[in-house]
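File shown: structure.tsv (TSV, C-alpha atoms).
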chain	number	residue	atom	x	y	z
Z	1	MET	CA	-99.98	-62.92	-101.45
Z	2	ALA	CA	-103.66	-62.68	-102.01
Z	3	VAL	CA	-105.71	-63.37	-105.08
Z	4	HIS	CA	-109.19	-61.99	-105.62
Z	5	THR	CA	-111.15	-63.77	-108.35
Z	6	ALA	CA	-114.17	-62.34	-110.13
Z	7	LEU	CA	-116.17	-63.08	-113.23
Z	8	LEU	CA	-118.14	-60.53	-115.24
Z	9	ARG	CA	-120.91	-61.82	-117.46
Z	10	LEU	CA	-121.90	-59.41	-120.19
Z	11	ARG	CA	-124.37	-59.55	-123.04
Z	12	THR	CA	-123.02	-58.04	-126.23
Z	13	GLN	CA	-124.46	-57.34	-129.66
Z	14	GLY	CA	-121.48	-58.90	-131.44
Z	15	ASP	CA	-120.46	-57.42	-134.83
Z	16	GLY	CA	-117.80	-55.15	-133.36
Z	17	ASP	CA	-119.76	-54.16	-130.27
Z	18	ILE	CA	-117.59	-52.27	-127.77
Z	19	VAL	CA	-118.59	-52.49	-124.11
Z	20	ASP	CA	-117.22	-50.27	-121.34
Z	21	LEU	CA	-116.02	-52.52	-118.51
Z	22	SER	CA	-115.71	-49.67	-115.99
Z	23	PRO	CA	-118.93	-50.42	-114.07
Z	24	GLY	CA	-118.03	-54.10	-113.82
Z	25	LEU	CA	-114.50	-53.39	-112.67
Z	26	ALA	CA	-115.72	-50.85	-110.11
Z	27	GLY	CA	-118.02	-53.51	-108.72
Z	28	VAL	CA	-115.17	-55.99	-108.42
Z	29	LEU	CA	-112.95	-53.49	-106.62
Z	30	ARG	CA	-115.75	-52.59	-104.17
Z	31	THR	CA	-115.76	-56.18	-102.90
Z	32	CYS	CA	-111.99	-56.64	-103.02
Z	33	GLU	CA	-109.85	-56.00	-99.95
Z	34	LEU	CA	-106.66	-55.62	-101.97
Z	35	ARG	CA	-105.50	-52.03	-102.40
Z	36	ARG	CA	-102.25	-52.44	-104.31
Z	37	GLY	CA	-101.22	-54.90	-106.99
Z	38	VAL	CA	-102.24	-55.70	-110.55
Z	39	VAL	CA	-105.67	-56.32	-112.06
Z	40	CYS	CA	-105.65	-58.78	-114.96
Z	41	VAL	CA	-108.72	-58.51	-117.22
Z	42	PHE	CA	-109.12	-61.43	-119.64
Z	43	VAL	CA	-111.93	-62.41	-122.00
Z	44	GLU	CA	-112.73	-66.05	-122.70
Z	45	GLY	CA	-113.10	-66.98	-126.35
Z	46	SER	CA	-111.26	-66.42	-129.62
Z	47	THR	CA	-113.56	-63.80	-131.21
Z	48	ALA	CA	-113.38	-61.06	-128.57
Z	49	ALA	CA	-110.63	-58.82	-127.20
Z	50	VAL	CA	-109.81	-56.45	-124.35
Z	51	THR	CA	-107.98	-53.12	-124.59
Z	52	THR	CA	-108.24	-49.56	-123.27
Z	53	MET	CA	-109.62	-46.48	-125.03
Z	54	GLU	CA	-111.51	-43.28	-124.44
Z	55	TYR	CA	-115.02	-44.67	-124.49
Z	56	GLU	CA	-116.97	-41.99	-126.36
Z	57	PRO	CA	-119.21	-42.27	-129.44
Z	58	GLY	CA	-116.68	-40.91	-131.92
Z	59	GLY	CA	-113.87	-43.17	-130.78
Z	60	VAL	CA	-116.16	-46.19	-130.73
Z	61	GLU	CA	-117.30	-45.49	-134.31
Z	62	ASP	CA	-113.70	-44.93	-135.46
Z	63	LEU	CA	-112.36	-48.12	-133.87
Z	64	ARG	CA	-115.10	-50.23	-135.41
Z	65	ALA	CA	-114.46	-48.64	-138.83
Z	66	ALA	CA	-110.68	-49.03	-138.56
Z	67	LEU	CA	-110.95	-52.73	-137.74
Z	68	GLU	CA	-113.37	-53.27	-140.62
Z	69	ARG	CA	-110.93	-51.51	-142.95
Z	70	LEU	CA	-107.87	-53.39	-141.68
Z	71	VAL	CA	-109.54	-56.82	-141.42
Z	72	PRO	CA	-112.74	-56.80	-143.53
Z	73	ALA	CA	-115.65	-59.06	-142.66
Z	74	ALA	CA	-115.91	-60.03	-146.33
Z	75	GLY	CA	-112.97	-61.99	-147.66
Z	76	ALA	CA	-111.87	-65.38	-148.95
Z	77	TYR	CA	-110.96	-66.69	-145.50
Z	78	ALA	CA	-109.80	-70.28	-144.99
Z	79	HIS	CA	-111.51	-70.48	-141.59
Z	80	ASN	CA	-114.90	-69.82	-143.19
Z	81	ARG	CA	-114.30	-72.17	-146.12
Z	82	LEU	CA	-112.98	-75.09	-144.07
Z	83	ASN	CA	-115.46	-74.80	-141.21
Z	84	ALA	CA	-118.58	-73.55	-143.05
Z	85	ASP	CA	-118.39	-70.50	-140.79
Z	86	ASP	CA	-118.74	-66.74	-141.23
Z	87	ASN	CA	-116.63	-65.20	-138.47
Z	88	ALA	CA	-113.04	-65.58	-139.67
Z	89	HIS	CA	-112.57	-61.79	-139.47
Z	90	ALA	CA	-113.66	-61.91	-135.82
Z	91	HIS	CA	-110.96	-64.47	-135.04
Z	92	LEU	CA	-108.31	-62.37	-136.78
Z	93	ARG	CA	-109.26	-59.13	-135.06
Z	94	ALA	CA	-109.31	-60.85	-131.67
Z	95	ALA	CA	-105.85	-62.38	-132.16
Z	96	LEU	CA	-104.40	-59.04	-133.28
Z	97	VAL	CA	-105.85	-56.91	-130.46
Z	98	GLY	CA	-105.35	-59.59	-127.81
Z	99	PRO	CA	-107.48	-61.03	-124.99
Z	100	SER	CA	-106.06	-59.34	-121.92
Z	101	VAL	CA	-104.93	-56.13	-120.29
Z	102	SER	CA	-103.14	-55.82	-116.95
Z	103	VAL	CA	-103.63	-52.59	-115.01
Z	104	PRO	CA	-101.72	-51.60	-111.86
Z	105	LEU	CA	-103.84	-51.05	-108.75
Z	106	VAL	CA	-102.57	-48.26	-106.49
Z	107	GLU	CA	-104.32	-47.04	-103.34
Z	108	GLY	CA	-107.41	-48.96	-104.34
Z	109	HIS	CA	-107.71	-47.43	-107.81
Z	110	LEU	CA	-106.80	-48.56	-111.29
Z	111	VAL	CA	-104.14	-46.19	-112.64
Z	112	LEU	CA	-106.16	-45.33	-115.74
Z	113	GLY	CA	-106.12	-41.90	-117.33
Z	114	THR	CA	-109.14	-39.66	-116.88
Z	115	TRP	CA	-110.34	-40.50	-120.40
Z	116	GLN	CA	-109.18	-44.10	-120.50
Z	117	GLN	CA	-111.50	-47.05	-119.94
Z	118	VAL	CA	-111.00	-50.80	-120.12
Z	119	VAL	CA	-113.27	-52.11	-122.87
Z	120	LEU	CA	-114.46	-55.42	-124.28
Z	121	LEU	CA	-114.57	-55.74	-128.07
Z	122	ASP	CA	-116.87	-58.45	-129.38
Z	123	PHE	CA	-116.16	-59.19	-133.03
Z	124	ASP	CA	-118.38	-62.22	-133.43
Z	125	THR	CA	-121.21	-62.19	-135.97
Z	126	ARG	CA	-124.00	-62.61	-133.43
Z	127	PRO	CA	-124.92	-61.45	-129.92
Z	128	ARG	CA	-123.00	-63.34	-127.27
Z	129	GLU	CA	-122.92	-63.73	-123.53
Z	130	ARG	CA	-119.29	-63.09	-122.68
Z	131	ARG	CA	-117.27	-64.13	-119.67
Z	132	VAL	CA	-114.61	-61.62	-118.62
Z	133	HIS	CA	-112.32	-62.85	-115.84
Z	134	VAL	CA	-110.89	-60.30	-113.44
Z	135	GLN	CA	-108.00	-61.53	-111.33
Z	136	VAL	CA	-106.59	-59.17	-108.74
Z	137	LEU	CA	-103.12	-59.94	-107.36
Z	138	GLY	CA	-101.83	-57.99	-104.41
L	1	MET	CA	-96.50	-61.42	-101.56
L	2	ALA	CA	-94.84	-58.13	-102.09
L	3	VAL	CA	-95.68	-55.29	-104.41
L	4	HIS	CA	-93.20	-52.66	-105.50
L	5	THR	CA	-94.79	-49.55	-106.99
L	6	ALA	CA	-92.99	-47.04	-109.20
L	7	LEU	CA	-93.94	-44.24	-111.53
L	8	LEU	CA	-91.87	-43.05	-114.49
L	9	ARG	CA	-92.49	-39.54	-115.76
L	10	LEU	CA	-91.30	-39.00	-119.30
L	11	ARG	CA	-91.44	-36.08	-121.68
L	12	THR	CA	-92.22	-37.11	-125.23
L	13	GLN	CA	-92.43	-35.31	-128.56
L	14	GLY	CA	-95.80	-36.86	-129.42
L	15	ASP	CA	-96.54	-37.55	-133.10
L	16	GLY	CA	-95.42	-41.17	-132.97
L	17	ASP	CA	-92.43	-40.57	-130.71
L	18	ILE	CA	-90.95	-43.86	-129.46
L	19	VAL	CA	-89.11	-43.77	-126.12
L	20	ASP	CA	-86.87	-46.55	-124.78
L	21	LEU	CA	-88.01	-47.37	-121.23
L	22	SER	CA	-84.88	-49.41	-120.40
L	23	PRO	CA	-83.16	-46.73	-118.32
L	24	GLY	CA	-86.33	-46.08	-116.33
L	25	LEU	CA	-86.96	-49.77	-115.72
L	26	ALA	CA	-83.35	-50.34	-114.69
L	27	GLY	CA	-83.75	-47.56	-112.14
L	28	VAL	CA	-86.90	-49.16	-110.75
L	29	LEU	CA	-85.23	-52.55	-110.41
L	30	ARG	CA	-82.21	-51.05	-108.64
L	31	THR	CA	-84.43	-49.87	-105.80
L	32	CYS	CA	-86.64	-52.98	-105.75
L	33	GLU	CA	-85.86	-55.85	-103.41
L	34	LEU	CA	-87.90	-58.34	-105.40
L	35	ARG	CA	-85.84	-60.71	-107.53
L	36	ARG	CA	-88.49	-62.96	-109.06
L	37	GLY	CA	-92.00	-62.23	-110.25
L	38	VAL	CA	-93.64	-60.15	-112.97
L	39	VAL	CA	-93.14	-56.51	-113.92
L	40	CYS	CA	-96.27	-54.83	-115.29
L	41	VAL	CA	-95.57	-51.70	-117.35
L	42	PHE	CA	-98.65	-49.57	-118.06
L	43	VAL	CA	-99.08	-46.14	-119.62
L	44	GLU	CA	-101.82	-43.80	-118.46
L	45	GLY	CA	-103.88	-42.22	-121.21
L	46	SER	CA	-105.67	-43.26	-124.37
L	47	THR	CA	-103.24	-41.92	-126.98
L	48	ALA	CA	-100.10	-43.83	-126.00
L	49	ALA	CA	-99.08	-47.49	-125.92
L	50	VAL	CA	-96.43	-49.86	-124.58
L	51	THR	CA	-94.81	-52.78	-126.41
L	52	THR	CA	-91.36	-54.30	-126.97
L	53	MET	CA	-89.06	-53.91	-129.97
L	54	GLU	CA	-85.42	-53.67	-130.97
L	55	TYR	CA	-84.88	-50.01	-130.28
L	56	GLU	CA	-82.66	-48.92	-133.17
L	57	PRO	CA	-83.12	-46.07	-135.69
L	58	GLY	CA	-84.28	-48.26	-138.56
L	59	GLY	CA	-86.88	-50.11	-136.51
L	60	VAL	CA	-88.14	-46.88	-134.99
L	61	GLU	CA	-88.56	-45.31	-138.44
L	62	ASP	CA	-90.29	-48.43	-139.78
L	63	LEU	CA	-92.74	-48.70	-136.89
L	64	ARG	CA	-93.74	-45.05	-137.17
L	65	ALA	CA	-94.23	-45.46	-140.94
L	66	ALA	CA	-96.19	-48.70	-140.59
L	67	LEU	CA	-98.60	-47.16	-138.08
L	68	GLU	CA	-99.09	-44.11	-140.31
L	69	ARG	CA	-99.84	-46.43	-143.23
L	70	LEU	CA	-102.22	-48.67	-141.26
L	71	VAL	CA	-103.98	-45.86	-139.36
L	72	PRO	CA	-103.32	-42.54	-141.16
L	73	ALA	CA	-103.35	-39.27	-139.26
L	74	ALA	CA	-105.52	-37.77	-141.99
L	75	GLY	CA	-108.98	-39.25	-142.27
L	76	ALA	CA	-112.67	-38.54	-141.79
L	77	TYR	CA	-112.68	-39.62	-138.15
L	78	ALA	CA	-115.78	-39.30	-136.00
L	79	HIS	CA	-113.71	-38.52	-132.89
L	80	ASN	CA	-112.27	-35.42	-134.56
L	81	ARG	CA	-115.61	-34.30	-135.99
L	82	LEU	CA	-117.62	-34.78	-132.82
L	83	ASN	CA	-115.04	-33.39	-130.42
L	84	ALA	CA	-113.37	-30.69	-132.55
L	85	ASP	CA	-110.16	-32.64	-132.06
L	86	ASP	CA	-107.24	-33.76	-134.26
L	87	ASN	CA	-105.89	-36.90	-132.62
L	88	ALA	CA	-108.38	-39.63	-133.55
L	89	HIS	CA	-105.59	-41.63	-135.21
L	90	ALA	CA	-103.65	-41.50	-131.94
L	91	HIS	CA	-106.58	-43.03	-130.06
L	92	LEU	CA	-106.92	-45.80	-132.64
L	93	ARG	CA	-103.23	-46.70	-132.68
L	94	ALA	CA	-103.14	-46.76	-128.89
L	95	ALA	CA	-106.17	-49.07	-128.63
L	96	LEU	CA	-104.73	-51.44	-131.24
L	97	VAL	CA	-101.20	-51.70	-129.78
L	98	GLY	CA	-102.40	-51.70	-126.17
L	99	PRO	CA	-101.35	-49.89	-122.98
L	100	SER	CA	-99.41	-52.57	-121.13
L	101	VAL	CA	-96.78	-55.27	-121.26
L	102	SER	CA	-96.00	-57.77	-118.50
L	103	VAL	CA	-92.45	-59.12	-118.34
L	104	PRO	CA	-91.25	-61.96	-116.10
L	105	LEU	CA	-88.53	-61.05	-113.61
L	106	VAL	CA	-86.01	-63.86	-112.98
L	107	GLU	CA	-82.92	-63.57	-110.78
L	108	GLY	CA	-83.38	-59.81	-110.67
L	109	HIS	CA	-83.50	-59.36	-114.45
L	110	LEU	CA	-86.27	-58.85	-116.98
L	111	VAL	CA	-86.23	-61.83	-119.34
L	112	LEU	CA	-85.91	-59.66	-122.44
L	113	GLY	CA	-83.92	-60.71	-125.48
L	114	THR	CA	-80.58	-59.04	-126.11
L	115	TRP	CA	-82.12	-56.81	-128.76
L	116	GLN	CA	-85.51	-56.34	-127.15
L	117	GLN	CA	-86.49	-53.23	-125.21
L	118	VAL	CA	-89.72	-52.11	-123.56
L	119	VAL	CA	-90.82	-48.93	-125.31
L	120	LEU	CA	-93.41	-46.21	-124.93
L	121	LEU	CA	-95.19	-45.05	-128.10
L	122	ASP	CA	-96.76	-41.62	-127.90
L	123	PHE	CA	-99.20	-41.07	-130.76
L	124	ASP	CA	-100.67	-37.77	-129.62
L	125	THR	CA	-100.34	-34.69	-131.81
L	126	ARG	CA	-98.32	-32.66	-129.31
L	127	PRO	CA	-95.51	-33.17	-126.79
L	128	ARG	CA	-96.76	-34.73	-123.59
L	129	GLU	CA	-95.54	-35.56	-120.14
L	130	ARG	CA	-96.42	-39.21	-119.75
L	131	ARG	CA	-96.92	-41.30	-116.65
L	132	VAL	CA	-95.79	-44.91	-116.98
L	133	HIS	CA	-96.65	-47.09	-114.01
L	134	VAL	CA	-94.35	-49.96	-113.14
L	135	GLN	CA	-95.79	-52.51	-110.75
L	136	VAL	CA	-93.53	-55.35	-109.63
L	137	LEU	CA	-95.20	-58.41	-108.12
L	138	GLY	CA	-93.04	-61.06	-106.49
D	1	MET	CA	-97.01	-65.06	-102.42
D	2	ALA	CA	-95.47	-67.72	-104.50
D	3	VAL	CA	-93.85	-67.57	-107.90
D	4	HIS	CA	-93.42	-70.57	-110.16
D	5	THR	CA	-90.88	-70.07	-112.95
D	6	ALA	CA	-90.70	-72.14	-116.11
D	7	LEU	CA	-89.05	-71.89	-119.50
D	8	LEU	CA	-90.34	-73.49	-122.70
D	9	ARG	CA	-87.86	-74.05	-125.48
D	10	LEU	CA	-89.48	-74.48	-128.87
D	11	ARG	CA	-88.14	-74.97	-132.35
D	12	THR	CA	-90.05	-72.99	-134.96
D	13	GLN	CA	-89.94	-72.76	-138.74
D	14	GLY	CA	-89.93	-68.93	-138.67
D	15	ASP	CA	-91.65	-67.13	-141.58
D	16	GLY	CA	-94.94	-66.68	-139.72
D	17	ASP	CA	-94.94	-70.10	-138.07
D	18	ILE	CA	-97.66	-70.38	-135.43
D	19	VAL	CA	-97.06	-72.84	-132.57
D	20	ASP	CA	-99.71	-74.00	-130.11
D	21	LEU	CA	-98.34	-73.52	-126.58
D	22	SER	CA	-101.04	-75.65	-124.93
D	23	PRO	CA	-98.89	-78.76	-124.43
D	24	GLY	CA	-96.07	-76.69	-122.95
D	25	LEU	CA	-98.38	-74.80	-120.62
D	26	ALA	CA	-100.09	-78.01	-119.51
D	27	GLY	CA	-96.68	-79.38	-118.61
D	28	VAL	CA	-95.85	-76.30	-116.56
D	29	LEU	CA	-99.13	-76.47	-114.66
D	30	ARG	CA	-98.65	-80.18	-113.89
D	31	THR	CA	-95.50	-79.37	-111.93
D	32	CYS	CA	-96.87	-76.18	-110.35
D	33	GLU	CA	-98.48	-76.26	-106.93
D	34	LEU	CA	-100.29	-72.97	-107.44
D	35	ARG	CA	-103.99	-73.31	-108.20
D	36	ARG	CA	-105.13	-69.69	-108.42
D	37	GLY	CA	-103.40	-66.61	-109.74
D	38	VAL	CA	-102.15	-65.35	-113.09
D	39	VAL	CA	-99.96	-67.04	-115.70
D	40	CYS	CA	-97.76	-64.63	-117.64
D	41	VAL	CA	-96.53	-66.02	-120.97
D	42	PHE	CA	-93.71	-64.01	-122.56
D	43	VAL	CA	-91.50	-64.65	-125.58
D	44	GLU	CA	-87.90	-63.44	-125.64
D	45	GLY	CA	-86.85	-61.61	-128.78
D	46	SER	CA	-88.14	-58.83	-131.01
D	47	THR	CA	-89.34	-60.91	-133.98
D	48	ALA	CA	-91.89	-63.14	-132.25
D	49	ALA	CA	-95.18	-62.58	-130.44
D	50	VAL	CA	-97.71	-64.28	-128.17
D	51	THR	CA	-101.50	-64.10	-128.41
D	52	THR	CA	-104.55	-66.38	-128.21
D	53	MET	CA	-106.57	-67.85	-131.07
D	54	GLU	CA	-108.52	-70.91	-132.12
D	55	TYR	CA	-105.62	-73.05	-133.30
D	56	GLU	CA	-107.04	-74.74	-136.39
D	57	PRO	CA	-105.66	-74.89	-139.97
D	58	GLY	CA	-108.03	-72.28	-141.40
D	59	GLY	CA	-107.39	-69.73	-138.69
D	60	VAL	CA	-103.64	-70.29	-138.87
D	61	GLU	CA	-103.67	-69.74	-142.64
D	62	ASP	CA	-105.83	-66.63	-142.29
D	63	LEU	CA	-103.69	-65.05	-139.58
D	64	ARG	CA	-100.49	-65.58	-141.56
D	65	ALA	CA	-102.15	-64.09	-144.66
D	66	ALA	CA	-103.60	-61.12	-142.76
D	67	LEU	CA	-100.22	-60.22	-141.26
D	68	GLU	CA	-98.54	-60.49	-144.67
D	69	ARG	CA	-101.22	-58.20	-146.11
D	70	LEU	CA	-101.02	-55.66	-143.28
D	71	VAL	CA	-97.21	-55.69	-142.93
D	72	PRO	CA	-95.70	-57.18	-146.12
D	73	ALA	CA	-92.35	-58.93	-146.03
D	74	ALA	CA	-91.30	-56.98	-149.11
D	75	GLY	CA	-90.94	-53.27	-148.59
D	76	ALA	CA	-88.45	-50.41	-148.44
D	77	TYR	CA	-87.77	-50.84	-144.73
D	78	ALA	CA	-85.16	-48.74	-142.93
D	79	HIS	CA	-84.23	-51.62	-140.62
D	80	ASN	CA	-83.19	-53.75	-143.60
D	81	ARG	CA	-81.36	-50.93	-145.35
D	82	LEU	CA	-79.45	-49.70	-142.30
D	83	ASN	CA	-78.58	-53.12	-140.91
D	84	ALA	CA	-78.18	-55.18	-144.12
D	85	ASP	CA	-80.98	-57.35	-142.79
D	86	ASP	CA	-84.13	-58.94	-144.23
D	87	ASN	CA	-86.53	-59.24	-141.30
D	88	ALA	CA	-87.89	-55.71	-140.75
D	89	HIS	CA	-91.43	-56.97	-141.29
D	90	ALA	CA	-90.89	-59.52	-138.52
D	91	HIS	CA	-89.91	-56.78	-136.10
D	92	LEU	CA	-92.98	-54.73	-137.02
D	93	ARG	CA	-95.43	-57.61	-136.68
D	94	ALA	CA	-93.94	-58.59	-133.32
D	95	ALA	CA	-94.21	-55.04	-131.94
D	96	LEU	CA	-97.83	-54.72	-133.10
D	97	VAL	CA	-99.07	-58.07	-131.75
D	98	GLY	CA	-96.99	-57.88	-128.57
D	99	PRO	CA	-94.74	-60.30	-126.66
D	100	SER	CA	-96.96	-61.36	-123.78
D	101	VAL	CA	-100.36	-62.58	-122.65
D	102	SER	CA	-101.52	-62.91	-119.04
D	103	VAL	CA	-104.17	-65.53	-118.32
D	104	PRO	CA	-106.00	-65.98	-115.01
D	105	LEU	CA	-105.53	-69.35	-113.31
D	106	VAL	CA	-108.62	-70.58	-111.45
D	107	GLU	CA	-108.92	-73.95	-109.71
D	108	GLY	CA	-105.75	-75.09	-111.43
D	109	HIS	CA	-106.92	-74.28	-114.95
D	110	LEU	CA	-106.28	-71.43	-117.36
D	111	VAL	CA	-109.61	-69.68	-117.99
D	112	LEU	CA	-109.38	-70.11	-121.76
D	113	GLY	CA	-112.40	-70.72	-123.94
D	114	THR	CA	-112.92	-74.18	-125.37
D	115	TRP	CA	-111.57	-73.08	-128.74
D	116	GLN	CA	-108.95	-70.67	-127.49
D	117	GLN	CA	-105.27	-71.53	-127.27
D	118	VAL	CA	-102.20	-69.52	-126.31
D	119	VAL	CA	-99.93	-69.43	-129.37
D	120	LEU	CA	-96.43	-68.34	-130.30
D	121	LEU	CA	-96.03	-66.48	-133.59
D	122	ASP	CA	-92.53	-66.54	-135.05
D	123	PHE	CA	-92.16	-63.92	-137.78
D	124	ASP	CA	-88.42	-64.24	-138.33
D	125	THR	CA	-87.08	-65.23	-141.75
D	126	ARG	CA	-85.43	-68.44	-140.58
D	127	PRO	CA	-86.10	-71.32	-138.17
D	128	ARG	CA	-85.38	-70.35	-134.59
D	129	GLU	CA	-85.14	-71.94	-131.18
D	130	ARG	CA	-87.43	-69.78	-129.07
D	131	ARG	CA	-87.51	-69.22	-125.34
D	132	VAL	CA	-90.98	-68.67	-123.92
D	133	HIS	CA	-91.03	-67.74	-120.23
D	134	VAL	CA	-93.99	-68.82	-118.13
D	135	GLN	CA	-94.29	-67.08	-114.79
D	136	VAL	CA	-97.09	-68.19	-112.48
D	137	LEU	CA	-98.05	-65.85	-109.65
D	138	GLY	CA	-100.44	-67.06	-106.99

Encoding of this model in structure tokens:
Amino acid sequence: MAVHTALLRLRTQGDGDIVDLSPGLAGVLRTCELRRGVVCVFVEGSTAAVTTMEYEPGGVEDLRAALERLVPAAGAYAHNRLNADDNAHAHLRAALVGPSVSVPLVEGHLVLGTWQQVVLLDFDTRPRERRVHVQVLG
Amino acid sequence: MAVHTALLRLRTQGDGDIVDLSPGLAGVLRTCELRRGVVCVFVEGSTAAVTTMEYEPGGVEDLRAALERLVPAAGAYAHNRLNADDNAHAHLRAALVGPSVSVPLVEGHLVLGTWQQVVLLDFDTRPRERRVHVQVLG
Amino acid sequence: MAVHTALLRLRTQGDGDIVDLSPGLAGVLRTCELRRGVVCVFVEGSTAAVTTMEYEPGGVEDLRAALERLVPAAGAYAHNRLNADDNAHAHLRAALVGPSVSVPLVEGHLVLGTWQQVVLLDFDTRPRERRVHVQVLG
């Protein structure tokens, strides 16, 4: 078997910022000789997540609003109280959405739908430089 | 390494329909020579998701109700307003649950619990024909 | 390709117990000759889940509270009514969070953030002995 290892470094705005990983993933696949297998996309850190969505302005606005409604930034969180911190909601959202997505690679292409992109969600309370690992197995 | 590629095509009812993927996965494994590795199950599209659950009528009813309570179909969603669409809630549920599950394969069997099945959740507002990719690495 | 198969057996307290899998995963990697690939962590059963988080007392308390708020233990659940059971909320939480996480392995290490651990969440209503499968592909 072969493993192709890549690292995407992305600047985010934090605060629920949603970043389309398609350009980064396309770049990885251009330099990867593997044509069939699985692509594992994983974000380092406990205040960010990876999922797929249709990356368009309405969906981005809705997802940010839904996460704020389900897990509000304001709240009597133990993480903030015990650690003199302000990003407990970011930790919770990240744990619930999850840090990774695995996408089959077939004939050199990710088997995504036409309106489906792999995205990075950064829930932290400040801009961050994020490290997204892309491991291709095939 | 070896890769076994399969595609399941499934008709769903949409509107929160939950489909047991066990028969489809069993069919894939019958024709797959790999006995040990990981099976990646991934649904194309941004209004459906894959997870595991005990597939029984009560659990199915509860999961549909919980998702309707957490992310209601009715709402002032930007996706619907900007795109003259009606399935913003389906996009949100899909992004939150996620499109893929990876299950270890040991001695030719998925290491699922006795009452644990891989399921497809279709949140879209109409019946769909779904494409679920099954990639076996081993 | 090579596959390294391991099984962690863990006793949990149930009721939202969150267990840090870091010691177990470190043990698996010590006996694994693979240095680069993907580690798939998967929990058997439909009332437990796997994700990543900063494993510290505040975050653990917050995550338990958030899941109880989003999917309360008390409720008119069909699973409980139809099966004379009491753990419908555990099934729902497990399906929403998901049973597996895949983490890239690079130079013999999981690419986790400094404050990011892989954790097992046991939502069942009683202590359980859990089986967490760790499949390393590389």

Which residues are close to stretch 104-116 of chain L, i.e. within 9 Å by only C-alpha atoms, leaving aside same-chain residues fewer than 3 positions away? Reply as a PyMOL selection string. (chain L and resi 29+33-40+52-55+136+138) or (chain D and resi 5+40-46+133-135)

Write down, as a PyMOL selection string, each residue of chain D that has any atom within 8 Å of an atom of chain L, counting all atoms listed in the file. chain D and resi 1-3+5+40+42+44-46+70-71+77-83+88+91-92+94-102+133-135+137

What gap, in Å, lies between atom CA of D:Ala26 and atom CA of D:Thr125? 28.8 Å

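Counting from atom CA of Z:Arg128, the distance to atom CA of Z:Pro72 is 20.3 Å.
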
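Atom CA of Z:Pro127 sits 16.2 Å away from atom CA of Z:Leu8.
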